[in-house]
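Visitor: Shown below is the structure under consideration.
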Amino acid sequence: MEILVNRKKIDIDTTEIHTLQELVKTIEENIISQAGHVLTQIEVNQICLSDEQEAEYAQFPVNQIEQLSINSCPPYELVLSGLEDSLQILPQIIETLGSCVTKLSEDVISEAMDEFIVATDGIQWFTTIINGSISVYGSNINEKGDFIRSSIQLSEILNEILEAHSNSDITAFGDLIEYELEPILEKMLKQIPSYLSELKGIKL
Amino acid sequence: MASVNFEYLKDISPNLYSTLLNRATNDPRIIGIESIKTKNGSANMRISHGGGKMTLHSNYNVDKESEKLYEKMKFDSKKLTIVYGVGLLYHVDFLLRKHPDTAIVIVEPCFKILEQAIRERDMKSIFTNPKVKLLISNEPSELGQFITQIFNFQIHSGLQFLNLPAYEKIFSEEWEIVKETFRKQFAKFTINTLTIMEAGNEYTENCMRNTPAMQKFPWAYRLFEKFKQIPAVIVSAGPSLYYQLDQLKNLNEQAVIIAVDTAYPILKKNGISPHFMCSADPTSGNYIHLHDTKINDCYMIVEPMTYHEIVSLEGIKAFMTSFNGYYSRYFAEYANNTSELISWGSIASTCFDLARKMHCNPITFIGQDFAYSDFLTHCPKTKFDSKYKENLQKQPSLYLYDSYASWHIRRMDPLKVELAEDLNGEPVFTSKNMKIYAGWFEEQFSTTEQTIINASEKGILKNHCEIMKFSDVIENHMNKVYPIRDTIDRIYKENEDYKIDELKQNITTKLSELDNAVCKGRSTQEQCRELIELKNQIDQPEAYKRISELTHYIGANINCGLKDEIFIQWIDHENQKAELFFKRQIGSLVGTEMSATMLEELSNHYYGLIESRIVCFDKIKNNLKLALESIELDSSTRINR
């Protein structure tokens, strides 16, 4: 079996290791964490695993692995690239929310909810990036900065949406998406470049 | 909590005012109502109900919300506008800004919300608007009934809805009941109206051609109450009839057998002679079942509109009835008794009403499926089957792939087929119309004193009647012999019912009245012309006086001197579209300021209305002449014999 970490070949004793999950854990603990990195990608026998596939392949027998390639990077790189990606992804989320609002007003509630679920996945990913940035850069970030204040507002809005949804209050639900969630995401989209500059200027 | 003055309601609706003032209603559907404000400070409310909390209007932009609701309704001025939910009336305000003259019916299913809403926002402008009707009831079926009463078939082309989403959510079940009640009531109305309108010409012609029969045959009232506590069997031609034929054959004067016209040939072929056969189809459709069958073994029940070839079939013995239609109402007046029977959608309804009025008891239905039982569209062995046989004869190899069953299935209209549960709890195909017919019968059963039994053993007719096997009905209820046929024969001979000479005289008078009406109409049209000539002289006192005299005269003589109510009914019937159009145009001008244009329009519409009536008088004259000719031809034929 050939094992590559960030394209460099490494040697690991696999005699006591039986599954892919155990092997990845060993590499994470002994190599990646030691370098202060976080794991970003796993490729098994030239198959790049998605999040779902990672779970599916967890019990994959080590003796069937011909090649394992693992990529990692420092956490700040992950945060910065995530924020850069969000410049492309946020407009798509906003568009999906717009379509959700239209369908709500057309009374096509189930289709509207489908759109909302898609948008929610994106928003969840976006909040993970924001939380990651706070976790990585900690007190170095300006707590009163526009982006951080917007992110607090976003969290409040999401809670209100959740409440409206649990009450089946379709009027408030549509209102909050149209007049609160979409505008705050648009606002944050504009704030991302300066937040990125702020983070890039911080020496960790 | 806000507290807007709603004293204005005191004058408009004192009862509503007192109800809302006292907050007397208790509504278990509403847990609480919270007063909230929109982002710009307008009133709004949040309703706590069993399923959560619901905000009534947008908290951010009520105008945009109203606009979206308005766009969704796709406003059509010809439709009746229904608003489901008073809310705080922002949506209604918006609609009235767009269409100030549109009539609106607001349907409010909850007093509790209105109690609060009226305190939150000043709604006076809507409540005092004569174009707005407010229906309030916690009982949704009542709301549906109200809408049916307001809906005018001749004015409205349909309904359109401006509904608050909050109401659709909180009161969704109520909304379904409102719509369903309206739909059912409306369907009942349109089915009968359309049947009559579609068969309009045949209907009238039959009435006229059948005039001799009104004298020839006794009227059905003679049969009423003459069969007290004698069982009756109503035989329809549904697919299940096939299973009951053997048992029916063995019934010998143990029950009055009343068959619908399509079932008669099946019975005849199986050696069964019903006592009565009802036929009222004004078209030649059902004639194909009867024209080559000798009807000498039973009495027909016919209406003036029954297809005239059926009424004049050789050897036919019949009793006359009236469904109280435009012309039959007139002819029935010359009988000793109008002998009215119900006709609703299916001729089986007439059979049922006859049994009911004869005081038969119990009344048993067979072959009354209102469904495609066994995937059959009709009872096997009827005349419809000859088409199948013809097809096979044309292409002898067809039987290899086209079975009798598939031939039936292909006759079902896939667009109209609906799935229902039959009286055995099994799924069966039916149609929307058949469902409506079944519903009508069930409703009638619930108000009928006699015991009603459905012994069809298949189909969807199951409520408000006993479901039994036909063999059990015979064993339990049809175990005595009665002199049924003898009684009918005796009654039939007592025929001195019709005053044909009085009818002839009245027709002659009416023909002369119609001639006078034509002259009167032409002279009134002259007045219309004079009115146009004066249109530019409104400011001259003498001309103004003459204009007033002319408009008064024309308005008073629009019936061209015809006073008899029956004429007005015939004109309404024969001249329906023109009446509706011109009267509406004239109505829209009444009360407007007098001007040259207004006078010209008014005069033109009056002229047009009279012209259409003159054409209509000719039609009525031709109809009455046909009736007179038929009477005279019949009497000369009898003399020659």
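The way I read the labels, and the way they are meant: chains A, B, ... in the order of the structure tokens, residue 1 as the first residue of every chain, and ligand 1 as the first ligand shown, with later ones counted on from there.
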For chain A against chain B, with a cut-off of 8 Å and counting only C-alpha atoms, what is the closest atom pair and its distance in Å to one decimal for every residue that makes the cut, ordered by chain and number, as a tab-separated table?

Guide:
```
residue	atom	partner	partner_atom	distance
A:Ser105	CA	B:Lys68	CA	6.6
A:Glu106	CA	B:Lys72	CA	6.7
A:Ala164	CA	B:Lys53	CA	7.9
A:Ser166	CA	B:Gly52	CA	7.5
A:Asn167	CA	B:Gly52	CA	4.2
A:Ser168	CA	B:Gly52	CA	6.3
A:Asp169	CA	B:Met54	CA	4.5
A:Ile170	CA	B:Ala166	CA	7.2
A:Thr171	CA	B:Thr55	CA	5.8
A:Ala172	CA	B:Thr55	CA	6.0
A:Asp175	CA	B:Ser58	CA	6.3
A:Tyr179	CA	B:Tyr60	CA	6.9
```

Visitor: Using only C-alpha atoms, which residues sit within 9 Å of range 54-71 of chain A once same-chain residues fewer than 3 positions away are excluded, as a CSV table (one decimal) with C-alpha atoms, in the first residue's frame?

Guide:
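Result file out_19.csv:
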```csv
chain,number,residue,atom,x,y,z
A,1,MET,CA,0.0,0.0,0.0
A,2,GLU,CA,1.3,3.4,-0.9
A,3,ILE,CA,0.4,6.3,1.5
A,4,LEU,CA,0.9,10.0,0.5
A,5,VAL,CA,0.3,13.0,2.8
A,6,ASN,CA,0.3,16.2,0.9
A,7,ARG,CA,1.8,14.2,-2.0
A,8,LYS,CA,4.8,13.1,0.0
A,9,LYS,CA,5.2,9.3,0.5
A,14,THR,CA,-0.2,-1.1,9.5
A,17,ILE,CA,-4.6,-1.4,11.7
A,18,HIS,CA,-7.6,-3.1,10.0
A,19,THR,CA,-9.8,-0.3,8.6
A,20,LEU,CA,-9.5,2.9,6.7
A,21,GLN,CA,-11.0,4.8,9.6
A,22,GLU,CA,-8.2,3.5,12.0
A,23,LEU,CA,-5.6,4.3,9.4
A,24,VAL,CA,-6.7,7.9,8.9
A,27,ILE,CA,-2.1,9.6,10.3
A,38,VAL,CA,-6.3,20.0,9.6
A,39,LEU,CA,-7.3,17.2,7.3
A,40,THR,CA,-9.0,18.5,4.1
A,41,GLN,CA,-9.2,15.6,1.7
A,42,ILE,CA,-9.0,11.8,1.5
A,43,GLU,CA,-8.4,9.8,-1.7
A,44,VAL,CA,-8.6,6.0,-1.6
A,45,ASN,CA,-7.5,4.0,-4.7
A,46,GLN,CA,-7.8,7.2,-6.7
A,48,CYS,CA,-11.7,11.2,-3.9
A,49,LEU,CA,-14.1,10.8,-0.9
A,50,SER,CA,-17.0,13.2,-0.2
A,51,ASP,CA,-18.3,13.6,3.4
```

Visitor: Mind the document's chain letters and residue numbers, and return as number ranges by chain the residues of range 393-494 of chain B that DSSP labels alpha helix (DSSP H).

Guide: B: 393-394, 404-411, 432-446, 470-477, 484-493

Visitor: Can you work out which one of B:Asp369, B:Glu303, B:Glu34, B:Glu173 has the shortest atom-to-atom distance to Thr338 in chain B, counting only C-alpha atoms?

Guide: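 Ranking B:Asp369, B:Glu303, B:Glu34, B:Glu173 by distance to Thr338 in chain B, first place goes to B:Glu303.
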
Visitor: Counting only C-alpha atoms, figure out which residue out of B:Phe217, B:Phe224, B:Tyr264, B:Phe182 gets nearest to Val302 in chain B.

Guide: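 Looking at the shortest contact to Val302 in chain B, the residue is B:Phe217.
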
Visitor: Write out as a list in words each polymer residue whose atoms come within 8 Å of range 92-94 of chain A, counting only C-alpha atoms; drop sequence neighbours fewer than 3 positions from it.

Guide: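 After dropping sequence-adjacent residues, the list is Gln88, Ile89, Leu97, Gly98, Ala119, Gly122, Ile123, Glu182, Leu185 and Glu186 of chain A.
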
Visitor: Okay, now the selection with N, CA and C atoms, as a PDB file, in the first residue's frame?

Guide:
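See result16.pdb below for the written result:
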```pdb
ATOM      1  N   GLN A  88     -18.530  33.210  -4.188  1.00  0.00           N
ATOM      2  CA  GLN A  88     -19.276  32.592  -5.306  1.00  0.00           C
ATOM      3  C   GLN A  88     -20.557  31.891  -4.803  1.00  0.00           C
ATOM      4  N   ILE A  89     -20.441  31.347  -3.606  1.00  0.00           N
ATOM      5  CA  ILE A  89     -21.577  30.519  -3.126  1.00  0.00           C
ATOM      6  C   ILE A  89     -22.736  31.361  -2.569  1.00  0.00           C
ATOM      7  N   LEU A  97     -32.936  31.485  -2.147  1.00  0.00           N
ATOM      8  CA  LEU A  97     -33.905  32.050  -1.192  1.00  0.00           C
ATOM      9  C   LEU A  97     -34.971  32.870  -1.925  1.00  0.00           C
ATOM     10  N   GLY A  98     -34.539  33.594  -2.957  1.00  0.00           N
ATOM     11  CA  GLY A  98     -35.488  34.389  -3.755  1.00  0.00           C
ATOM     12  C   GLY A  98     -36.531  33.480  -4.383  1.00  0.00           C
ATOM     13  N   ALA A 119     -30.991  26.001   0.486  1.00  0.00           N
ATOM     14  CA  ALA A 119     -30.352  27.231   0.969  1.00  0.00           C
ATOM     15  C   ALA A 119     -29.807  27.030   2.383  1.00  0.00           C
ATOM     16  N   GLY A 122     -26.389  25.514   2.483  1.00  0.00           N
ATOM     17  CA  GLY A 122     -25.368  26.518   2.152  1.00  0.00           C
ATOM     18  C   GLY A 122     -25.108  27.447   3.324  1.00  0.00           C
ATOM     19  N   ILE A 123     -26.185  27.882   3.996  1.00  0.00           N
ATOM     20  CA  ILE A 123     -26.030  28.810   5.123  1.00  0.00           C
ATOM     21  C   ILE A 123     -25.281  28.116   6.270  1.00  0.00           C
ATOM     22  N   GLU A 182     -32.352  37.399   3.318  1.00  0.00           N
ATOM     23  CA  GLU A 182     -31.739  37.775   2.028  1.00  0.00           C
ATOM     24  C   GLU A 182     -30.913  39.055   2.172  1.00  0.00           C
ATOM     25  N   LEU A 185     -27.599  38.485   4.107  1.00  0.00           N
ATOM     26  CA  LEU A 185     -26.610  37.733   3.327  1.00  0.00           C
ATOM     27  C   LEU A 185     -25.998  38.617   2.248  1.00  0.00           C
ATOM     28  N   GLU A 186     -26.824  39.477   1.646  1.00  0.00           N
ATOM     29  CA  GLU A 186     -26.302  40.407   0.641  1.00  0.00           C
ATOM     30  C   GLU A 186     -25.295  41.362   1.283  1.00  0.00           C
TER      31      GLU A 186
END
```

Visitor: When you draw a straight line from CA of Ala455 in chain B to CA of Leu241 in chain B, how long is it in Å?

Guide: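 Separating CA of Ala455 in chain B from CA of Leu241 in chain B is a distance of 9.9 Å.
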
Visitor: In Å, how far is it from CA of Lys462 in chain B to CA of Ala438 in chain B?

Guide: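 Straight-line distance from CA of Lys462 in chain B to CA of Ala438 in chain B works out to 8.6 Å.
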
Visitor: For range 176-181 of chain B, work out the shell of residues within 10 Å, counting only C-alpha atoms and skipping chain neighbours fewer than 2 positions away, then give it as a list in words.

Guide: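 Counting only the stated atoms, we get Tyr84, Val107, Pro109, Glu139, Pro140, Ser141, Glu142, Leu143, Gly144, Gln145, Phe146, Ile147, Thr148, Glu168, Phe171, Ser172, Glu173, Glu174, Arg183, Lys184, Gln185, Phe186 and Ala187 of chain B.
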
Visitor: Would you export the selected residues with C-alpha atoms as a PDB file, in the first residue's frame, please?

Guide:
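Below is the file part38.pdb, written as the result:
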```
ATOM      1  CA  TYR B  84     -61.316  34.469   2.619  1.00  0.00           C
ATOM      2  CA  VAL B 107     -65.938  35.373   4.093  1.00  0.00           C
ATOM      3  CA  PRO B 109     -64.929  31.999   9.510  1.00  0.00           C
ATOM      4  CA  GLU B 139     -70.146  27.285  10.483  1.00  0.00           C
ATOM      5  CA  PRO B 140     -68.331  26.816   7.131  1.00  0.00           C
ATOM      6  CA  SER B 141     -71.139  25.023   5.288  1.00  0.00           C
ATOM      7  CA  GLU B 142     -73.357  28.018   6.050  1.00  0.00           C
ATOM      8  CA  LEU B 143     -70.754  30.269   4.408  1.00  0.00           C
ATOM      9  CA  GLY B 144     -70.752  28.039   1.316  1.00  0.00           C
ATOM     10  CA  GLN B 145     -74.545  28.295   1.135  1.00  0.00           C
ATOM     11  CA  PHE B 146     -74.357  32.095   1.401  1.00  0.00           C
ATOM     12  CA  ILE B 147     -71.904  32.288  -1.484  1.00  0.00           C
ATOM     13  CA  THR B 148     -74.238  30.129  -3.589  1.00  0.00           C
ATOM     14  CA  GLU B 168     -55.853  29.236   4.550  1.00  0.00           C
ATOM     15  CA  PHE B 171     -58.894  27.515   8.827  1.00  0.00           C
ATOM     16  CA  SER B 172     -57.898  25.172   6.015  1.00  0.00           C
ATOM     17  CA  GLU B 173     -60.554  22.535   6.791  1.00  0.00           C
ATOM     18  CA  GLU B 174     -63.256  25.197   6.984  1.00  0.00           C
ATOM     19  CA  ARG B 183     -69.351  23.368  -5.566  1.00  0.00           C
ATOM     20  CA  LYS B 184     -72.132  20.915  -4.732  1.00  0.00           C
ATOM     21  CA  GLN B 185     -74.882  23.523  -4.751  1.00  0.00           C
ATOM     22  CA  PHE B 186     -73.553  25.029  -7.961  1.00  0.00           C
ATOM     23  CA  ALA B 187     -73.249  21.653  -9.695  1.00  0.00           C
TER      24      ALA B 187
END
```

Visitor: Work out how far CA of Ser456 in chain B is from CA of Arg411 in chain B, in Å to one decimal.

Guide: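 We find that CA of Arg411 in chain B and CA of Ser456 in chain B lie 22.1 Å from each other.
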
Visitor: Which polymer residues have any atom within 8 Å of an atom of Phe227 in chain B, counting only C-alpha atoms, with same-chain residues fewer than 4 positions away left out, as an MDAnalysis selection string?

Guide: chainID B and resid 223 358:360

Visitor: Residues as selected, all heavy atoms, written as a JSON list (two decimals), in the first residue's frame, can you do that?

Guide:
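Now in out05.json:
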```
[["chain", "number", "residue", "atom", "x", "y", "z"],
["B", 223, "LEU", "N", -103.04, 8.47, -10.23],
["B", 223, "LEU", "CA", -102.35, 7.33, -9.61],
["B", 223, "LEU", "C", -101.91, 7.64, -8.17],
["B", 223, "LEU", "O", -101.64, 6.72, -7.39],
["B", 223, "LEU", "CB", -101.10, 6.98, -10.43],
["B", 223, "LEU", "CG", -101.32, 6.57, -11.88],
["B", 223, "LEU", "CD1", -100.01, 6.64, -12.66],
["B", 223, "LEU", "CD2", -101.91, 5.17, -11.94],
["B", 358, "MET", "N", -97.37, 7.72, -5.12],
["B", 358, "MET", "CA", -98.40, 6.67, -5.13],
["B", 358, "MET", "C", -98.50, 6.04, -3.73],
["B", 358, "MET", "O", -99.31, 5.16, -3.51],
["B", 358, "MET", "CB", -98.03, 5.59, -6.16],
["B", 358, "MET", "CG", -98.12, 6.12, -7.60],
["B", 358, "MET", "SD", -98.20, 4.81, -8.86],
["B", 358, "MET", "CE", -96.73, 3.90, -8.57],
["B", 359, "HIS", "N", -97.64, 6.48, -2.82],
["B", 359, "HIS", "CA", -97.58, 5.98, -1.44],
["B", 359, "HIS", "C", -97.15, 4.52, -1.36],
["B", 359, "HIS", "O", -97.56, 3.80, -0.45],
["B", 359, "HIS", "CB", -98.92, 6.20, -0.71],
["B", 359, "HIS", "CG", -99.14, 7.64, -0.35],
["B", 359, "HIS", "ND1", -100.12, 8.08, 0.50],
["B", 359, "HIS", "CD2", -98.48, 8.77, -0.72],
["B", 359, "HIS", "CE1", -100.07, 9.39, 0.63],
["B", 359, "HIS", "NE2", -99.08, 9.84, -0.12],
["B", 360, "CYS", "N", -96.34, 4.10, -2.32],
["B", 360, "CYS", "CA", -95.79, 2.75, -2.26],
["B", 360, "CYS", "C", -94.83, 2.66, -1.07],
["B", 360, "CYS", "O", -94.17, 3.66, -0.73],
["B", 360, "CYS", "CB", -95.01, 2.42, -3.54],
["B", 360, "CYS", "SG", -96.05, 2.33, -4.98]]
```

Visitor: Give me the residues within 12 Å of range 196-199 of chain A as an MDAnalysis selection string, counting only C-alpha atoms and dropping any in the same chain fewer than 5 places off.

Guide: chainID A and resid 76:77 79:87 129:130 132:134 136:143 145:148 188:191 204

Visitor: Given the choices B:Cys379, B:Cys298, B:Leu21, B:Leu511, which gets closest to Thr262 in chain B if the distance is worked out from only C-alpha atoms?

Guide: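 Checking each candidate against Thr262 in chain B, we get B:Cys379 as the closest.
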
Visitor: With only C-alpha atoms as the counted atoms, please give the residues lying no more than 6 Å from Tyr498 in chain B, apart from itself and same-chain residues fewer than 3 positions off, as a list in words.

Guide: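 Near Tyr498 in chain B, the qualifying residues are Gln215, Tyr334 and Ala335 of chain B.
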